[in-house]
There are 2 protein chains.
Amino acid sequence: MVGERMNRDERNAPSRSVLDLTERQRSVLRAVVEDYVLNAVPVGSQALVDRYGLAVSSATVRSAMAELEALGLLSHPHTSAGRVPSDLGYRIYVESLMREAALDRADQLMIRHQFSQVQLTSNEWLRLAASILATSTRSAAVVTPARARRARFGHVQLVELADQARLAVLVLGDGNVVQRRLQRGSVEKATAGETTGQAELDVAAATLNAELAGLSAPQVRRKLPKLTPLAAHVGEVLAQMLEESDSIAVEEVFTDGIVNVLEQPEFAGGAKLRGVLEVLQRSDFLEQLVPVLSRRGGVTVIIGHENVNDAMHEVSLVFAPYGTSDSALGLLGVLGPTRMPYPRAIPTVRYLSTLMNELITNHPTENHD
Amino acid sequence: MVGERMNRDERNAPSRSVLDLTERQRSVLRAVVEDYVLNAVPVGSQALVDRYGLAVSSATVRSAMAELEALGLLSHPHTSAGRVPSDLGYRIYVESLMREAALDRADQLMIRHQFSQVQLTSNEWLRLAASILATSTRSAAVVTPARARRARFGHVQLVELADQARLAVLVLGDGNVVQRRLQRGSVEKATAGETTGQAELDVAAATLNAELAGLSAPQVRRKLPKLTPLAAHVGEVLAQMLEESDSIAVEEVFTDGIVNVLEQPEFAGGAKLRGVLEVLQRSDFLEQLVPVLSRRGGVTVIIGHENVNDAMHEVSLVFAPYGTSDSALGLLGVLGPTRMPYPRAIPTVRYLSTLMNELITNHPTENHD
DNA sequence: GTTAGCACTCTCATCATTAGAGTGCTAACT
DNA sequence: AGTTAGCACTCTAATGATGAGAGTGCTAAC
């Protein structure tokens with residue numbers, strides 16, 4: 001009776017008791033997590049004693065497990081099954097049990113080497129980063145381009161194409177490039193029907209480059225009335241492009257290794273992942289993550305139900321921002337089952353984030369040609 | 001005995017006999033394919049009579065099925081199971097049995113409407129096309145950008161970024177834009193250490209634009225010796241960029257709806273799809289498809305083992321080229337199990353290919369703002 | 001505090017059995 | 001000659017019984 005009451009008390013305030021686990025509880029929890037991550041099978045007391053050098057008997061481990069379960073760190077699929085870590089269990093593990101090592105020197109070199117073999121375009125970098133993350137952690141990887149939080153005008157070029165269409169190519173202050181076709185006829189409409197060829201476009205571009213350098217979308221808008229009709233018309237389009245660049249465009253997010261997750265037993269069939277992928281691709285999910293990650297800095301781990309988004313309750317995210325917070329900011333990380341190899345994923349994400357940092361600020365990659 | 005011998009003869013020359021199926025055989029094959037596509041369950045003679053208005057008994061259907069099996073159009077998972085179409089069976093179905101309708105007027109309008117709501121950037125178009133294909137056919141969709149088979153120089157712009165890095169933005173003859181960072185220090189090396197600012201870059205760009213307009217990569221290379229060191233250095237990079245644009249870059253291929261395929265019973269678990277996705281993403285698979293598709297024109301269907309690539313033996317492709325063959329050429333289509341809703345997929349792919357054609361040549365999309 | 005011992009619970013693999021779906025063949029029918 | 005009913009036969013898939021094994025929780029002894 002008394003024992004029962006105590007259990008209940010502990011359950012009501014788990015976060016308190018969790019801080020002062022006994023050394024035994026700590027090593028049992030660690031072993032359970034690591035074994036379950038490896039084998040995806042609920043782990044029992046005997047197996048634990050066998051596989052990890054716990055110098056105690058299975059009965060002792062059992063009682064420790066029972067305590068951990070009362071604390072909400074482990075759970076029980078059914079009476080005669082082994083234990084499985086709860087989200088909170090993983091959290092404790094990540095927070096204070098995991099032996100996290102920096103990435104092997106060899107791994108680091110291998111990754112750097114791969115980057116050195118690739119062309120100096122940021123898209124290639126992103127794709128490669130996603131690919132490396134995915135294969136190295138056996139999870140799904142997500143990498144967004146580094147974008148300034150507030151896009152600024154850099155340089156514009158207006159080109160007349162063969163078929164009378166016009167193209168505006170806008171280089172942003174952070175070096176990213178966006179393009180947009182100008183609607184057929186709209187230019188003529190803006191200039192009251194005057195013919196506009198490449199010459200006129202060049203003049204307009206020169207004006208815009210002189211007037212708008214370094215400005216953000218609203219500032220560009222304020223300048224427009226002072227310009228010629230043609231320049232003003234194009235300027236409006238440019239302002240729109242700047243605005244759109246302030247948010248992450250879905251079509252520029254690189255993902256890789258989704259199959260890795262699909263092959264995990266907990267996602268067999270694929271139906272469970274559908275919601276996850278939809279959230280990832282269609283919504284502003286990643287965008288909401290940017291401020292959170294950049295505020296915290298370094299690697300952020302979000303485990304199962306810790307994620308506010310319902311669809312993400314059965315997966316964990318290990319993400320980090322990259323880029324300088326005052327100019328360009330991007331996101332990279334991995335997504336996998338809560339049963340994720342955190343000690344591998346975290347250093348990998350961390351290393352790749354610092355590497356991408358290097359690449360976008362100074363790009364010391366050698367080009368062998 | 002005689003009957004047995006006849007069967008064997010027919011088996012040796014199936015492609016011959018296949019052309020003159022009896023009307024009964026034709027409608028049985030059609031019904032088997034359509035039922036199997038719908039239910040993913042081997043279909044028996046009785047079920048066929050029940051569900052489709054065949055004015056004959058199940059015994060008659062059985063004998064027709066046996067004939068079709070002898071011809072290699074149907075197969076038998078085991079003795080007491082129903083029939084399943086073979087790759088060849090699907091081929092006959094697609095070739096001459098399927099009642100293929102053009103896309104509903106309503107569907108067409110719906111699709112057009114979606115395109116009209118999207119910004120005038122080709123990336124958005126591609127993403128949208130993939131999304132529409134995927135949801136409308138419940139298969140995986142693949143869309144590549146339209147690229148000239150032989151990229152030509154259009155217009156170059158050289159920009160000095162804040163952090164001393166330089167960016168080359170190259171507009172191709174077909175209106176596509178590619179960019180590349182210039183390696184730090186390489187410019188200085190090329191000009192023997194002279195300082196080069198935006199002014200020098202502008203001069204070089206003007207030279208290049210004047211000298212290289214309309215040229216292909218090898219032609220550009222031939223011009224280089226006549227240029228200043230700076231322009232020649234940049235020109236070499238531009239030539240490389242032109243060469244790379246001649247092939248489809250993996251990072252620009254848009255896919256969507258992979259989950260659709262994963263939810264199909266034949267791919268439960270995801271392991272089977274791994275090879276397929278790898279082929280799709282890492283190799284030059286799509287690129288090899290371009291000439292094939294553009295030669296044939298219109299929609300091409302590749303069913304199971306018809307695909308030369310081993311990994312693709314359990315899937316079907318329904319693809320079409322788009323773009324004008326002499327300027328820019330792209331690819332779009334769907335990938336799914338051989339048990340694919342061809343009568344839906346084919347018109348959808350066809351319609352989207354003509355629509356993308358329209359969009360890239362003249363882009364009549366209205367912009368509501 | 002730790003452990004051996006033990007009763008108990010639950011899963012999972014195995015096996016036999018059975019119902020049912022579907023076939024192929026033959027003989028009768030039109 | 002083509003079609004059909006009838007029927008024996010085959011194979012799958014579902015069902016249920018059984019037993020081994022894994023794992024637990026508890027208790028009493030160390």
# chains A, B, ... in the order shown; residues from 1 in each chain; ligands from 1
call {"tool": "interface_residues", "arguments": {"of": "chain A", "to": "chain D", "cutoff": "10 Å", "atoms": "only C-alpha atoms (C1' of nucleotides)", "output": "PyMOL selection string"}}
result
chain A and resi 43-47+59+62-63+66+78-83
call {"tool": "closest_atom_pairs", "arguments": {"of": "chain B", "to": "chain A", "cutoff": "9 Å", "atoms": "only C-alpha atoms", "output": "Markdown table"}}
result
| residue | atom | partner | partner_atom | distance |
| --- | --- | --- | --- | --- |
| B:Gln119 | CA | A:Arg180 | CA | 8.3 |
| B:Leu120 | CA | A:Arg181 | CA | 5.9 |
| B:Thr121 | CA | A:Arg180 | CA | 5.2 |
| B:Ser122 | CA | A:Arg180 | CA | 8.1 |
| B:Asn123 | CA | A:Glu251 | CA | 7.1 |
| B:Glu124 | CA | A:Glu251 | CA | 7.1 |
| B:Leu126 | CA | A:Glu251 | CA | 9.0 |
| B:Arg127 | CA | A:Glu251 | CA | 6.5 |
| B:Gly154 | CA | A:Leu161 | CA | 8.5 |
| B:His155 | CA | A:Val159 | CA | 7.5 |
| B:Gln157 | CA | A:Gln157 | CA | 7.4 |
| B:Val159 | CA | A:His155 | CA | 7.5 |
| B:Glu160 | CA | A:Gly175 | CA | 8.9 |
| B:Leu161 | CA | A:Gly175 | CA | 6.3 |
| B:Ala162 | CA | A:Gly173 | CA | 7.5 |
| B:Asp163 | CA | A:Thr361 | CA | 7.3 |
| B:Gln164 | CA | A:Asn362 | CA | 8.8 |
| B:Ala165 | CA | A:Asn362 | CA | 7.7 |
| B:Arg166 | CA | A:Gly175 | CA | 8.8 |
| B:Leu167 | CA | A:Gly175 | CA | 7.4 |
| B:Val169 | CA | A:Val177 | CA | 8.1 |
| B:Val171 | CA | A:Val159 | CA | 8.1 |
| B:Gly173 | CA | A:Leu161 | CA | 7.3 |
| B:Asp174 | CA | A:Leu161 | CA | 7.5 |
| B:Gly175 | CA | A:Leu161 | CA | 6.3 |
| B:Val177 | CA | A:Gln179 | CA | 7.7 |
| B:Gln179 | CA | A:Thr121 | CA | 6.9 |
| B:Arg180 | CA | A:Thr121 | CA | 5.2 |
| B:Arg181 | CA | A:Leu120 | CA | 5.8 |
| B:Leu182 | CA | A:Leu120 | CA | 7.6 |
| B:Gln183 | CA | A:His363 | CA | 7.5 |
| B:Arg184 | CA | A:His363 | CA | 7.3 |
| B:Val250 | CA | A:Arg127 | CA | 8.9 |
| B:Glu251 | CA | A:Arg127 | CA | 6.5 |
| B:Glu252 | CA | A:Asn123 | CA | 8.9 |
| B:Phe254 | CA | A:Glu251 | CA | 8.2 |
| B:Val259 | CA | A:Arg274 | CA | 6.3 |
| B:Asn260 | CA | A:Arg274 | CA | 8.7 |
| B:Leu262 | CA | A:Gly270 | CA | 5.8 |
| B:Glu263 | CA | A:Gly270 | CA | 5.8 |
| B:Gln264 | CA | A:Gly269 | CA | 8.4 |
| B:Pro265 | CA | A:Gly269 | CA | 8.1 |
| B:Phe267 | CA | A:Gly269 | CA | 8.0 |
| B:Ala268 | CA | A:Gly269 | CA | 4.8 |
| B:Gly269 | CA | A:Ala268 | CA | 4.8 |
| B:Gly270 | CA | A:Glu263 | CA | 5.8 |
| B:Ala271 | CA | A:Glu263 | CA | 6.3 |
| B:Leu273 | CA | A:Val259 | CA | 7.9 |
| B:Arg274 | CA | A:Val259 | CA | 6.3 |
| B:Leu277 | CA | A:Val259 | CA | 8.5 |
| B:Thr361 | CA | A:Asp163 | CA | 7.3 |
| B:Asn362 | CA | A:Asp163 | CA | 7.6 |
| B:His363 | CA | A:Arg184 | CA | 7.2 |
| B:Pro364 | CA | A:Arg184 | CA | 7.4 |
| B:Thr365 | CA | A:Gln183 | CA | 8.1 |
| B:Glu366 | CA | A:Gln183 | CA | 8.1 |
| B:Asn367 | CA | A:Gln183 | CA | 7.8 |
call {"tool": "interface_residues", "arguments": {"of": "chain C", "to": "chain A", "cutoff": "10 Å", "atoms": "only C-alpha atoms (C1' of nucleotides)", "output": "NGL selection string"}}
result
:C and (1-4 or 8-11)
call {"tool": "atom_distance", "arguments": {"atom1": "atom CA of His313 of chain B", "atom2": "atom CA of Pro85 of chain B"}}
result
14.6 Å
call {"tool": "residues_around", "arguments": {"residues": "segment 330-338 of chain B", "least_positions_apart": "3", "cutoff": "6 Å", "atoms": "only C-alpha atoms (C1' of nucleotides)", "output": "list in words"}}
result
Ser139, Ala140, Ala141, Val142, Val143, Thr144, Pro145, Ala146, Val261, Gly304, Val315, Ser316, Leu317, Val318, Phe319, Ala320, Pro321, Tyr322 and Val349 of chain B
call {"tool": "residues_around", "arguments": {"residues": "segment 88-103 of chain A", "least_positions_apart": "6", "cutoff": "8 Å", "atoms": "only C-alpha atoms (C1' of nucleotides)", "output": "VMD selection string"}}
result
chain A and resid 18 26 to 27 29 to 30 33 72 to 74 303 338 342 to 344 346 to 348 351
